[in-house]
$ cat my_file_36.cif   # mmCIF, C-alpha atoms and all ligand atoms
data_protein
#
loop_
_atom_site.label_atom_id
_atom_site.label_comp_id
_atom_site.auth_asym_id
_atom_site.auth_seq_id
_atom_site.Cartn_x
_atom_site.Cartn_y
_atom_site.Cartn_z
CA MET O 236 44.82 -54.50 -22.33
CA SER O 237 45.11 -58.26 -21.98
CA ALA O 238 48.26 -60.24 -21.22
CA LEU O 239 49.56 -62.15 -24.24
CA VAL O 240 52.41 -63.69 -22.27
CA GLN O 241 52.34 -64.93 -18.69
CA LEU O 242 55.13 -66.49 -16.68
CA LYS O 243 53.85 -67.99 -13.46
CA ASN O 244 56.41 -68.81 -10.81
CA VAL O 245 58.89 -70.17 -13.35
CA SER O 246 62.07 -71.85 -12.12
CA LYS O 247 64.85 -73.68 -13.95
CA THR O 248 67.52 -75.81 -12.34
CA PHE O 249 70.34 -77.42 -14.29
CA ASP O 250 71.97 -80.64 -13.17
CA VAL O 251 75.66 -79.75 -13.25
CA SER O 252 76.85 -82.83 -11.36
CA ALA O 253 80.10 -84.55 -12.20
CA PRO O 254 79.60 -87.70 -14.30
CA TRP O 255 77.92 -90.49 -12.34
CA LEU O 256 80.97 -92.73 -11.97
CA ASN O 257 83.21 -89.90 -10.70
CA ARG O 258 80.50 -88.99 -8.25
CA VAL O 259 80.28 -92.48 -6.89
CA ILE O 260 84.04 -92.90 -6.62
CA GLU O 261 84.64 -89.50 -5.08
CA ARG O 262 81.44 -89.67 -3.00
CA LYS O 263 80.22 -86.35 -4.30
CA PRO O 264 76.54 -85.40 -4.13
CA GLN O 265 74.57 -84.31 -7.18
CA THR O 266 74.87 -80.59 -7.84
CA PHE O 267 72.05 -78.40 -9.10
CA LEU O 268 72.38 -74.87 -10.37
CA HIS O 269 69.36 -72.63 -9.85
CA ALA O 270 69.54 -70.49 -12.98
CA VAL O 271 66.05 -69.00 -12.66
CA SER O 272 63.91 -68.94 -9.51
CA GLU O 273 60.22 -68.13 -9.15
CA VAL O 274 60.01 -65.64 -11.99
CA SER O 275 56.55 -64.25 -12.72
CA PHE O 276 55.51 -61.51 -15.11
CA ASN O 277 52.88 -60.61 -17.69
CA ILE O 278 53.42 -58.90 -21.03
CA ASN O 279 50.43 -57.18 -22.57
CA ARG O 280 49.77 -57.23 -26.28
CA GLY O 281 51.81 -54.66 -28.15
CA GLU O 282 54.02 -53.99 -25.15
CA THR O 283 57.78 -54.39 -24.60
CA LEU O 284 59.04 -55.86 -21.35
CA ALA O 285 62.80 -55.63 -21.00
CA LEU O 286 64.85 -57.76 -18.65
CA VAL O 287 68.16 -56.33 -17.44
CA GLY O 288 70.90 -57.52 -15.14
CA GLU O 289 74.57 -58.41 -15.27
CA SER O 290 75.83 -61.46 -17.09
CA GLY O 291 74.86 -64.71 -15.38
CA CYS O 292 71.65 -63.37 -13.83
CA GLY O 293 69.43 -65.78 -15.78
CA LYS O 294 68.14 -63.56 -18.60
CA SER O 295 68.91 -65.93 -21.47
CA THR O 296 67.47 -68.83 -19.53
CA VAL O 297 64.20 -66.91 -19.12
CA ALA O 298 64.24 -66.23 -22.88
CA ARG O 299 64.73 -69.90 -23.68
CA LEU O 300 62.06 -70.97 -21.21
CA THR O 301 59.62 -68.48 -22.70
CA VAL O 302 60.13 -69.65 -26.29
CA GLY O 303 59.96 -73.29 -25.20
CA LEU O 304 63.61 -74.19 -25.93
CA TYR O 305 63.87 -75.26 -22.27
CA GLU O 306 61.18 -76.90 -20.22
CA THR O 307 60.48 -75.24 -16.90
CA SER O 308 61.57 -77.16 -13.78
CA THR O 309 58.51 -75.73 -12.05
CA GLY O 310 55.96 -73.10 -13.03
CA GLN O 311 54.18 -72.30 -16.27
CA VAL O 312 54.71 -70.26 -19.42
CA ILE O 313 51.37 -69.34 -20.96
CA ILE O 314 51.15 -67.60 -24.30
CA ASP O 315 47.80 -66.50 -25.66
CA GLY O 316 46.12 -68.84 -23.21
CA HIS O 317 48.17 -71.92 -24.16
CA ASP O 318 50.77 -73.64 -21.98
CA MET O 319 54.11 -73.67 -23.84
CA LYS O 320 54.71 -77.22 -22.55
CA ALA O 321 52.29 -78.34 -25.24
CA SER O 322 54.23 -76.57 -28.02
CA ASN O 323 56.55 -79.54 -28.52
CA GLN O 324 53.72 -81.93 -29.27
CA GLY O 325 53.04 -82.63 -32.92
CA THR O 326 49.52 -81.26 -32.98
CA ASP O 327 48.18 -78.46 -35.19
CA ALA O 328 47.62 -76.31 -32.11
CA ALA O 329 51.28 -76.80 -31.10
CA ARG O 330 52.47 -75.78 -34.56
CA ALA O 331 50.23 -72.73 -34.49
CA MET O 332 51.75 -71.75 -31.15
CA ARG O 333 55.31 -72.10 -32.41
CA ARG O 334 54.43 -69.94 -35.40
CA LYS O 335 53.25 -67.14 -33.11
CA VAL O 336 56.43 -67.00 -31.03
CA GLN O 337 59.83 -66.31 -32.58
CA MET O 338 63.25 -65.60 -31.15
CA ILE O 339 66.05 -63.31 -32.30
CA PHE O 340 69.52 -64.12 -30.96
CA GLN O 341 72.52 -61.97 -30.18
CA ASP O 342 74.86 -63.31 -32.77
CA PRO O 343 73.65 -62.94 -36.35
CA TYR O 344 76.82 -64.70 -37.55
CA ALA O 345 75.98 -67.88 -35.71
CA SER O 346 72.23 -67.87 -36.29
CA LEU O 347 72.22 -67.54 -40.10
CA ASN O 348 73.20 -70.57 -42.16
CA PRO O 349 76.26 -69.40 -44.15
CA ARG O 350 75.55 -71.78 -47.04
CA TRP O 351 72.05 -70.56 -47.73
CA ARG O 352 71.03 -67.61 -49.84
CA VAL O 353 69.27 -64.92 -47.81
CA ALA O 354 66.00 -65.52 -49.67
CA ASP O 355 66.01 -69.16 -48.53
CA ILE O 356 66.91 -68.18 -44.98
CA VAL O 357 63.95 -65.81 -44.86
CA ALA O 358 61.64 -68.31 -46.58
CA GLU O 359 62.51 -71.15 -44.24
CA PRO O 360 59.81 -70.49 -41.60
CA ILE O 361 57.23 -70.05 -44.38
CA ARG O 362 58.18 -73.45 -45.79
CA THR O 363 58.36 -75.07 -42.33
CA HIS O 364 54.88 -73.88 -41.49
CA THR O 365 53.68 -74.44 -45.12
CA LEU O 366 52.18 -70.97 -45.18
CA ILE O 367 52.81 -70.27 -48.88
CA PRO O 368 53.77 -72.82 -51.60
CA ASP O 369 57.03 -72.32 -53.54
CA GLY O 370 56.59 -70.05 -56.54
CA PRO O 371 56.00 -66.41 -57.39
CA GLN O 372 53.78 -65.86 -54.37
CA LEU O 373 56.56 -66.97 -52.01
CA ASP O 374 59.13 -64.83 -53.87
CA LYS O 375 56.84 -61.86 -53.46
CA ARG O 376 56.44 -62.47 -49.74
CA VAL O 377 60.21 -62.82 -49.25
CA ALA O 378 60.77 -59.55 -51.12
CA GLU O 379 58.15 -57.92 -48.94
CA LEU O 380 59.84 -59.20 -45.76
CA LEU O 381 63.24 -57.94 -46.96
CA GLY O 382 61.60 -54.60 -47.68
CA LEU O 383 60.23 -54.43 -44.16
CA VAL O 384 63.78 -54.52 -42.80
CA LYS O 385 65.03 -52.03 -45.44
CA LEU O 386 66.75 -54.57 -47.68
CA THR O 387 65.92 -55.24 -51.33
CA ALA O 388 64.67 -58.32 -53.18
CA LYS O 389 68.10 -58.44 -54.88
CA ASP O 390 69.75 -58.85 -51.47
CA GLY O 391 67.92 -62.18 -51.29
CA GLU O 392 70.30 -63.58 -53.91
CA LYS O 393 73.34 -63.02 -51.69
CA TYR O 394 74.83 -65.00 -48.83
CA PRO O 395 75.03 -63.86 -45.17
CA HIS O 396 78.78 -63.14 -45.29
CA GLN O 397 78.15 -60.45 -47.90
CA PHE O 398 76.37 -58.29 -45.33
CA SER O 399 77.47 -56.15 -42.37
CA GLY O 400 76.57 -57.08 -38.79
CA GLY O 401 73.61 -54.71 -38.70
CA GLN O 402 72.28 -55.95 -42.04
CA ARG O 403 72.66 -59.51 -40.88
CA GLN O 404 70.64 -58.79 -37.77
CA ARG O 405 67.96 -57.27 -40.05
CA ILE O 406 67.95 -60.53 -42.04
CA SER O 407 67.35 -62.37 -38.74
CA ILE O 408 64.44 -60.03 -38.04
CA ALA O 409 62.97 -60.62 -41.52
CA ARG O 410 63.18 -64.37 -40.95
CA ALA O 411 61.60 -64.04 -37.51
CA LEU O 412 58.72 -62.08 -39.06
CA ALA O 413 58.19 -64.59 -41.88
CA SER O 414 55.75 -66.74 -39.92
CA ASN O 415 53.56 -63.74 -38.97
CA PRO O 416 54.43 -64.00 -35.28
CA GLU O 417 52.71 -62.01 -32.55
CA PHE O 418 55.48 -62.26 -29.98
CA LEU O 419 59.23 -61.83 -30.44
CA ILE O 420 61.82 -62.75 -27.84
CA CYS O 421 64.98 -60.79 -28.44
CA ASP O 422 68.07 -61.91 -26.50
CA GLU O 423 70.67 -59.14 -26.67
CA PRO O 424 69.79 -58.57 -30.34
CA THR O 425 72.04 -55.53 -30.73
CA SER O 426 74.84 -56.29 -28.27
CA ALA O 427 77.23 -57.46 -30.99
CA LEU O 428 76.74 -54.27 -33.03
CA ASP O 429 78.41 -50.86 -33.03
CA VAL O 430 76.54 -48.17 -31.16
CA SER O 431 75.30 -46.28 -34.24
CA VAL O 432 74.14 -49.50 -35.90
CA GLN O 433 72.50 -50.56 -32.65
CA ALA O 434 70.33 -47.45 -32.72
CA GLN O 435 69.21 -48.16 -36.31
CA VAL O 436 68.24 -51.73 -35.50
CA LEU O 437 66.41 -50.65 -32.33
CA ASN O 438 64.49 -47.98 -34.23
CA LEU O 439 63.57 -50.52 -36.91
CA MET O 440 62.31 -52.89 -34.22
CA LYS O 441 60.23 -50.11 -32.69
CA ASP O 442 58.74 -49.19 -36.08
CA LEU O 443 57.90 -52.83 -36.84
CA GLN O 444 56.29 -53.17 -33.43
CA ARG O 445 54.07 -50.17 -34.06
CA GLU O 446 53.11 -51.23 -37.58
CA MET O 447 52.41 -54.87 -36.75
CA GLY O 448 51.27 -54.66 -33.13
CA LEU O 449 54.10 -56.97 -32.04
CA THR O 450 54.79 -57.86 -28.43
CA TYR O 451 58.44 -58.03 -27.29
CA LEU O 452 60.39 -59.65 -24.51
CA PHE O 453 63.63 -57.76 -24.88
CA ILE O 454 66.76 -58.86 -23.07
CA SER O 455 69.80 -56.70 -22.61
CA HIS O 456 72.50 -55.96 -20.08
CA ASN O 457 72.63 -52.40 -21.48
CA LEU O 458 70.37 -49.99 -19.62
CA GLN O 459 70.53 -47.34 -22.31
CA VAL O 460 69.25 -49.80 -24.87
CA VAL O 461 66.49 -50.81 -22.47
CA HIS O 462 65.58 -47.19 -21.80
CA HIS O 463 65.17 -46.70 -25.54
CA ILE O 464 63.00 -49.72 -26.25
CA ALA O 465 61.05 -50.80 -23.14
CA ASP O 466 57.63 -49.94 -21.76
CA ARG O 467 58.26 -51.95 -18.62
CA VAL O 468 61.50 -53.15 -17.08
CA GLY O 469 62.34 -56.16 -14.94
CA VAL O 470 65.69 -56.21 -13.14
CA MET O 471 67.15 -59.66 -12.51
CA TYR O 472 69.74 -60.65 -9.94
CA LEU O 473 71.02 -64.19 -9.52
CA GLY O 474 68.00 -65.79 -11.16
CA ARG O 475 65.31 -63.68 -9.52
CA ILE O 476 63.41 -60.55 -10.43
CA VAL O 477 64.30 -57.96 -7.79
CA GLU O 478 62.36 -55.02 -9.25
CA ILE O 479 59.78 -54.74 -12.02
CA GLY O 480 57.60 -51.87 -13.15
CA ASP O 481 57.04 -49.10 -15.67
CA LYS O 482 60.24 -47.93 -17.31
CA ASP O 483 59.87 -44.33 -16.21
CA GLU O 484 59.30 -45.30 -12.60
CA VAL O 485 62.09 -47.85 -12.43
CA PHE O 486 64.59 -45.56 -14.17
CA GLY O 487 63.32 -42.36 -12.55
CA ALA O 488 63.10 -43.60 -8.96
CA PRO O 489 64.70 -47.03 -8.56
CA LYS O 490 63.70 -48.71 -5.31
CA HIS O 491 66.07 -51.67 -5.31
CA PRO O 492 69.71 -50.89 -4.45
CA TYR O 493 70.80 -53.15 -7.33
CA THR O 494 68.73 -51.17 -9.84
CA ARG O 495 70.27 -47.99 -8.44
CA MET O 496 73.77 -49.44 -8.74
CA LEU O 497 73.20 -50.35 -12.39
CA LEU O 498 71.75 -46.90 -13.14
CA ASP O 499 74.53 -45.04 -11.36
CA ALA O 500 77.06 -46.82 -13.57
CA ILE O 501 75.73 -45.59 -16.92
CA PRO O 502 76.39 -42.22 -18.50
CA ASP O 503 73.65 -39.88 -17.34
CA LEU O 504 70.50 -40.40 -19.42
CA HIS O 505 69.25 -36.90 -18.67
CA MET O 506 72.59 -35.12 -19.05
CA THR O 507 72.55 -33.50 -15.63
CA GLY O 508 76.31 -33.92 -15.39
CA LYS O 509 76.07 -36.28 -12.42
CA ALA O 510 79.25 -38.33 -11.99
CA ARG O 511 78.91 -42.04 -12.61
CA THR O 512 79.88 -44.71 -10.16
CA PRO O 513 81.19 -47.98 -11.54
CA VAL O 514 79.36 -51.14 -10.55
CA ALA O 515 81.06 -52.57 -7.48
CA GLY O 516 81.62 -56.27 -6.82
CA GLU O 517 80.44 -59.27 -8.79
CA VAL O 518 77.44 -61.53 -9.14
CA PRO O 519 77.96 -64.42 -6.67
CA ASN O 520 78.45 -68.00 -7.79
CA PRO O 521 74.96 -69.47 -8.27
CA LEU O 522 76.22 -72.82 -6.94
CA ASN O 523 76.91 -71.14 -3.62
CA PRO O 524 74.42 -68.28 -3.29
CA PRO O 525 74.53 -65.94 -0.27
CA SER O 526 71.94 -66.57 2.42
CA GLY O 527 68.97 -64.22 2.73
CA CYS O 528 68.94 -61.60 -0.02
CA ALA O 529 71.38 -62.66 -2.75
CA PHE O 530 72.44 -59.02 -3.17
CA ASN O 531 73.35 -58.47 0.48
CA PRO O 532 77.17 -58.85 0.12
CA ARG O 533 77.21 -55.93 -2.35
CA CYS O 534 74.42 -53.85 -0.89
CA PRO O 535 75.08 -50.38 0.57
CA LYS O 536 71.75 -50.50 2.42
CA LYS O 537 72.34 -53.85 4.08
CA PHE O 538 70.95 -54.14 7.59
CA GLU O 539 70.07 -56.79 10.09
CA PRO O 540 67.55 -59.06 8.25
CA CYS O 541 69.30 -59.02 4.87
CA ASP O 542 71.62 -62.01 5.27
CA LYS O 543 68.96 -64.00 7.12
CA THR O 544 65.68 -63.82 5.23
CA ARG O 545 65.09 -63.45 1.53
CA PRO O 546 62.84 -60.47 0.78
CA GLN O 547 59.63 -61.23 -1.14
CA LEU O 548 58.48 -59.12 -4.07
CA VAL O 549 56.20 -56.46 -2.58
CA SER O 550 53.93 -54.13 -4.58
CA PHE O 551 54.41 -50.38 -4.37
CA ALA O 552 51.82 -48.58 -6.51
CA GLY O 553 52.08 -50.75 -9.60
CA ARG O 554 55.72 -51.64 -9.13
CA GLN O 555 57.16 -54.68 -7.36
CA VAL O 556 60.39 -54.68 -5.35
CA ALA O 557 62.13 -57.42 -3.36
CA CYS O 558 64.15 -55.50 -0.77
CA HIS O 559 63.96 -55.23 3.03
CA ALA O 560 65.04 -51.60 2.83
CA ALA O 561 62.49 -50.53 0.19
CA THR O 562 59.88 -48.06 1.35
CA GLY O 563 56.79 -46.62 -0.33
N1 LIG W 1 72.57 -75.22 -20.10
C1 LIG W 1 73.08 -74.84 -18.92
N2 LIG W 1 73.63 -75.74 -18.08
C2 LIG W 1 74.13 -75.37 -16.88
N3 LIG W 1 74.13 -74.10 -16.43
C3 LIG W 1 73.60 -73.15 -17.22
C4 LIG W 1 73.04 -73.46 -18.50
N4 LIG W 1 72.59 -72.31 -19.07
C5 LIG W 1 72.84 -71.33 -18.17
N5 LIG W 1 73.45 -71.83 -17.07
C6 LIG W 1 73.84 -71.06 -15.88
O1 LIG W 1 72.69 -70.36 -15.44
C7 LIG W 1 73.03 -69.06 -14.99
C8 LIG W 1 72.24 -68.03 -15.80
O2 LIG W 1 72.73 -68.01 -17.13
P1 LIG W 1 72.09 -67.14 -18.29
O3 LIG W 1 70.61 -67.38 -18.31
O4 LIG W 1 72.85 -67.40 -19.53
O5 LIG W 1 72.36 -65.64 -17.76
P2 LIG W 1 72.44 -64.27 -18.58
O6 LIG W 1 71.78 -64.45 -19.90
O7 LIG W 1 71.76 -63.27 -17.68
O8 LIG W 1 73.90 -63.95 -18.70
C9 LIG W 1 74.53 -68.93 -15.14
O9 LIG W 1 75.12 -69.22 -13.91
C10 LIG W 1 74.87 -69.98 -16.16
O10 LIG W 1 76.18 -70.46 -15.97
MG MG W 2 72.51 -64.07 -21.84
#
$ encode --input "my_file_36.cif" --output "structure tokens" --more "lines below"
Ligand SMILES: Nc1ncnc2c1ncn2[C@@H]1O[C@H](COP(=O)(O)OP(=O)(O)O)[C@@H](O)[C@H]1O
Ligand SMILES: [Mg+2]
Amino acid sequence: MSALVQLKNVSKTFDVSAPWLNRVIERKPQTFLHAVSEVSFNINRGETLALVGESGCGKSTVARLTVGLYETSTGQVIIDGHDMKASNQGTDAARAMRRKVQMIFQDPYASLNPRWRVADIVAEPIRTHTLIPDGPQLDKRVAELLGLVKLTAKDGEKYPHQFSGGQRQRISIARALASNPEFLICDEPTSALDVSVQAQVLNLMKDLQREMGLTYLFISHNLQVVHHIADRVGVMYLGRIVEIGDKDEVFGAPKHPYTRMLLDAIPDLHMTGKARTPVAGEVPNPLNPPSGCAFNPRCPKKFEPCDKTRPQLVSFAGRQVACHAATG
């Protein structure tokens, strides 16, 4: 299998300084927030990589960097051999790249234009990329896309507010599929939905992936959702990947204490009746990160080097872990 998506040492810093004049008057230095630091991963064609971690760990920033909504501060995003930096240029190659990569957001209320009929919402990417001219052929394609997400051509006549949350998210999926993408970035796509509806949307996404050979970067703070959908899992903490590997290995035998903490907090996936332990502590302020390993103030395995040196990601039989206490 070949990697369709590659992130190479990607970092993103935001300038969160006070306005210039205040800074000068109050003699404050510029302030930078390191939202994402040195993130690298590959996603093979047809595969789902899920990123998990508590709120504020940098997951959405990685999503936006990957789709090209943010430029990287350092590092590269390469999709199908092309650097995403070039995707904002007006060339044909840039347009072709943008067509191949689509994003689905958490909130289907905010991401669907309330004034447009669903058929026009779904047709928009087709018109933008001039894939099919207006007319019966376009109507047929829109009906086909609505069918793919288990809606009908008649639903195309309605407006977003006439649908439930789950249906609305399916409209977002139909629109994302309209440009025949190869790669979908899904940022908490089911987090706003009820649990039963979540499962339906996840199953639909899995079916579409199988039928169309889609590749997913799937972002969620919910480990059960990730367990359902992912092939591989990356765990993020304060802007860095602390553990990444095959789902079964990461879930079955977590090596990073943070991964273990997240797993211990969810209802038992295998129903062994093990008691759950709530997640203790909070993610530190990224403007004032702890020295050494960012997880050390919360870590039950903390020992001498942990607040002094930051652990590098080290490979253990196909998995990578950044922890001084991790052993093979
Ligand atoms: N546009 C921005 N400007 C400044 N800070 C940001 C911006 N976007 C995200 N951040 C900060 O970057 C960190 C990571 O945020 P985010 O990627 O949204 O995390 P997650 O999706 O895991 O909750 C947070 O501390 C957040 O406040
Ligand atoms: Mg987010």
$ residues_near_point --input "my_file_36.cif" --point "(74.0, -47.5, -21.4)" --cutoff "12 Å" --atoms "only C-alpha atoms" --output "ChimeraX atom specification"
/O:287,426,430,433-434,455-463,497-505,511
$ closest_atom_pairs --input "my_file_36.cif" --of "region 269-313 of chain O" --to "region 475-483 of chain O" --cutoff "8 Å" --atoms "only C-alpha atoms" --output "Markdown table"
| residue | atom | partner | partner_atom | distance |
| --- | --- | --- | --- | --- |
| O:Val271 | CA | O:Arg475 | CA | 6.2 |
| O:Ser272 | CA | O:Arg475 | CA | 5.4 |
| O:Glu273 | CA | O:Arg475 | CA | 6.8 |
| O:Val274 | CA | O:Arg475 | CA | 6.2 |
| O:Cys292 | CA | O:Arg475 | CA | 7.7 |
| O:Gly293 | CA | O:Arg475 | CA | 7.8 |
$ closest_residue --input "my_file_36.cif" --among "O:Phe538, O:Ala270, O:Phe418, O:Gly391" --to "Pro524 (chain O)" --atoms "only C-alpha atoms"
O:Ala270
$ closest_atom_pairs --input "my_file_36.cif" --of "chain O" --to "ligand MG 2 (chain W)" --cutoff "9 Å" --atoms "all atoms listed in the file" --output "JSON lines"
{"residue": "O:Glu289", "atom": "CA", "partner": "W:MG2", "partner_atom": "MG", "distance": 8.9}
{"residue": "O:Ser290", "atom": "CA", "partner": "W:MG2", "partner_atom": "MG", "distance": 6.4}
{"residue": "O:Gly291", "atom": "CA", "partner": "W:MG2", "partner_atom": "MG", "distance": 6.9}
{"residue": "O:Cys292", "atom": "CA", "partner": "W:MG2", "partner_atom": "MG", "distance": 8.1}
{"residue": "O:Gly293", "atom": "CA", "partner": "W:MG2", "partner_atom": "MG", "distance": 7.0}
{"residue": "O:Lys294", "atom": "CA", "partner": "W:MG2", "partner_atom": "MG", "distance": 5.5}
{"residue": "O:Ser295", "atom": "CA", "partner": "W:MG2", "partner_atom": "MG", "distance": 4.1}
{"residue": "O:Thr296", "atom": "CA", "partner": "W:MG2", "partner_atom": "MG", "distance": 7.3}
{"residue": "O:Ala298", "atom": "CA", "partner": "W:MG2", "partner_atom": "MG", "distance": 8.6}
{"residue": "O:Gln341", "atom": "CA", "partner": "W:MG2", "partner_atom": "MG", "distance": 8.6}
{"residue": "O:Asp422", "atom": "CA", "partner": "W:MG2", "partner_atom": "MG", "distance": 6.8}
{"residue": "O:Glu423", "atom": "CA", "partner": "W:MG2", "partner_atom": "MG", "distance": 7.1}
{"residue": "O:Ile454", "atom": "CA", "partner": "W:MG2", "partner_atom": "MG", "distance": 7.9}
{"residue": "O:Ser455", "atom": "CA", "partner": "W:MG2", "partner_atom": "MG", "distance": 7.9}
{"residue": "O:His456", "atom": "CA", "partner": "W:MG2", "partner_atom": "MG", "distance": 8.3}
$ residues_around --input "my_file_36.cif" --residues "region 542-546 of chain O" --least-positions-apart "2" --cutoff "7 Å" --atoms "all atoms listed in the file" --output "ChimeraX atom specification"
/O:526-528,531,540,548,557-559
$ residues_near_point --input "my_file_36.cif" --point "(62.9, -69.4, -24.1)" --cutoff "12 Å" --atoms "only C-alpha atoms" --output "MDAnalysis selection string"
chainID O and resid 242 245 247 271 293:307 312:314 319:320 322 333 336:340 418:422 452:454
$ closest_residue --input "my_file_36.cif" --among "O:Gln265, O:Leu412, O:Ser252, O:Asp429" --to "Leu449 (chain O)" --atoms "all atoms listed in the file"
O:Leu412
$ closest_residue --input "my_file_36.cif" --among "O:Val251, O:Ile361, O:Ala329, O:Cys541" --to "ligand LIG 1 (chain W)" --atoms "only C-alpha atoms and all ligand atoms"
O:Val251
$ atom_distance --input "my_file_36.cif" --atom1 "CA of Ile464 (chain O)" --atom2 "CA of Pro513 (chain O)"
23.5 Å
$ atom_distance --input "my_file_36.cif" --atom1 "CA of Ala427 (chain O)" --atom2 "atom O8 of ligand LIG 1 (chain W)"
14.3 Å
$ residues_around --input "my_file_36.cif" --residues "Gln402 (chain O)" --least-positions-apart "4" --cutoff "10 Å" --atoms "only C-alpha atoms" --output "PyMOL selection string"
chain O and resi 343+384-386+395+397-398+406-408+432+436
$ write_last_selection --input "my_file_36.cif" --atoms "C-alpha atoms" --output "PDB file, in the frame of the given file"
ATOM      1  CA  PRO O 343      73.650 -62.940 -36.350  1.00  0.00           C
ATOM      2  CA  VAL O 384      63.780 -54.520 -42.800  1.00  0.00           C
ATOM      3  CA  LYS O 385      65.030 -52.030 -45.440  1.00  0.00           C
ATOM      4  CA  LEU O 386      66.750 -54.570 -47.680  1.00  0.00           C
ATOM      5  CA  PRO O 395      75.030 -63.860 -45.170  1.00  0.00           C
ATOM      6  CA  GLN O 397      78.150 -60.450 -47.900  1.00  0.00           C
ATOM      7  CA  PHE O 398      76.370 -58.290 -45.330  1.00  0.00           C
ATOM      8  CA  ILE O 406      67.950 -60.530 -42.040  1.00  0.00           C
ATOM      9  CA  SER O 407      67.350 -62.370 -38.740  1.00  0.00           C
ATOM     10  CA  ILE O 408      64.440 -60.030 -38.040  1.00  0.00           C
ATOM     11  CA  VAL O 432      74.140 -49.500 -35.900  1.00  0.00           C
ATOM     12  CA  VAL O 436      68.240 -51.730 -35.500  1.00  0.00           C
TER      13      VAL O 436
END
$ closest_residue --input "my_file_36.cif" --among "O:Ala552, O:Trp255, O:Asp466, O:Asn523" --to "ligand LIG 1 (chain W)" --atoms "all atoms listed in the file"
O:Asn523
$ closest_residue --input "my_file_36.cif" --among "O:Met471, O:Ala561, O:Leu522, O:Ala515" --to "Ala285 (chain O)" --atoms "only C-alpha atoms"
O:Met471
$ axis_aligned_box --input "my_file_36.cif" --around "region 467-474 of chain O" --padding-each-side "4 Å" --output "lines of an AutoDock Vina configuration file"
center_x = 64.6
center_y = -58.9
center_z = -14.1
size_x = 20.8
size_y = 21.8
size_z = 17.1
$ residues_around --input "my_file_36.cif" --residues "Asp390 (chain O)" --least-positions-apart "4" --cutoff "8 Å" --atoms "only C-alpha atoms" --output "list in words"
Val353, Ala354, Leu381 and Leu386 of chain O
$ write_last_selection --input "my_file_36.cif" --atoms "C-alpha atoms" --output "PDB file, keeping the file's coordinate frame"
ATOM      1  CA  VAL O 353      69.270 -64.920 -47.810  1.00  0.00           C
ATOM      2  CA  ALA O 354      66.000 -65.520 -49.670  1.00  0.00           C
ATOM      3  CA  LEU O 381      63.240 -57.940 -46.960  1.00  0.00           C
ATOM      4  CA  LEU O 386      66.750 -54.570 -47.680  1.00  0.00           C
TER       5      LEU O 386
END
$ closest_residue --input "my_file_36.cif" --among "O:Met332, O:Ala253, O:Ala321, O:Ala413" --to "ligand LIG 1 (chain W)" --atoms "only C-alpha atoms and all ligand atoms"
O:Ala253
$ atom_distance --input "my_file_36.cif" --atom1 "CA of Val514 (chain O)" --atom2 "atom O1 of ligand LIG 1 (chain W)"
20.9 Å
$ residues_around --input "my_file_36.cif" --residues "Pro254 (chain O)" --least-positions-apart "3" --cutoff "12 Å" --atoms "only C-alpha atoms" --output "list in words"
Asp250, Val251, Asn257, Arg258, Val259, Ile260, Glu261, Arg262, Lys263, Pro264, Gln265 and Thr266 of chain O
$ decode --input "my_file_36.cif" --residues "region 266-273 of chain O" --atoms "N, CA, C and O atoms" --output "PDB file, in the first residue's frame"
ATOM      1  N   THR O 266       3.669  37.137  21.763  1.00  0.00           N
ATOM      2  CA  THR O 266       3.348  35.823  22.330  1.00  0.00           C
ATOM      3  C   THR O 266       2.946  34.877  21.211  1.00  0.00           C
ATOM      4  O   THR O 266       2.102  35.222  20.383  1.00  0.00           O
ATOM      5  N   PHE O 267       3.543  33.686  21.212  1.00  0.00           N
ATOM      6  CA  PHE O 267       3.187  32.690  20.212  1.00  0.00           C
ATOM      7  C   PHE O 267       2.634  31.448  20.881  1.00  0.00           C
ATOM      8  O   PHE O 267       3.156  31.006  21.908  1.00  0.00           O
ATOM      9  N   LEU O 268       1.573  30.931  20.295  1.00  0.00           N
ATOM     10  CA  LEU O 268       0.980  29.707  20.830  1.00  0.00           C
ATOM     11  C   LEU O 268       1.330  28.554  19.893  1.00  0.00           C
ATOM     12  O   LEU O 268       1.043  28.613  18.696  1.00  0.00           O
ATOM     13  N   HIS O 269       1.979  27.530  20.459  1.00  0.00           N
ATOM     14  CA  HIS O 269       2.343  26.366  19.648  1.00  0.00           C
ATOM     15  C   HIS O 269       1.171  25.387  19.648  1.00  0.00           C
ATOM     16  O   HIS O 269       1.025  24.605  20.578  1.00  0.00           O
ATOM     17  N   ALA O 270       0.327  25.491  18.628  1.00  0.00           N
ATOM     18  CA  ALA O 270      -0.879  24.650  18.595  1.00  0.00           C
ATOM     19  C   ALA O 270      -0.554  23.231  18.155  1.00  0.00           C
ATOM     20  O   ALA O 270      -1.157  22.271  18.629  1.00  0.00           O
ATOM     21  N   VAL O 271       0.393  23.095  17.230  1.00  0.00           N
ATOM     22  CA  VAL O 271       0.783  21.786  16.699  1.00  0.00           C
ATOM     23  C   VAL O 271       2.302  21.790  16.563  1.00  0.00           C
ATOM     24  O   VAL O 271       2.875  22.739  16.039  1.00  0.00           O
ATOM     25  N   SER O 272       2.947  20.734  17.077  1.00  0.00           N
ATOM     26  CA  SER O 272       4.409  20.681  17.033  1.00  0.00           C
ATOM     27  C   SER O 272       4.901  19.369  16.437  1.00  0.00           C
ATOM     28  O   SER O 272       4.584  18.292  16.959  1.00  0.00           O
ATOM     29  N   GLU O 273       5.659  19.480  15.373  1.00  0.00           N
ATOM     30  CA  GLU O 273       6.404  18.349  14.795  1.00  0.00           C
ATOM     31  C   GLU O 273       5.557  17.096  14.618  1.00  0.00           C
ATOM     32  O   GLU O 273       5.930  16.018  15.051  1.00  0.00           O
TER      33      GLU O 273
END
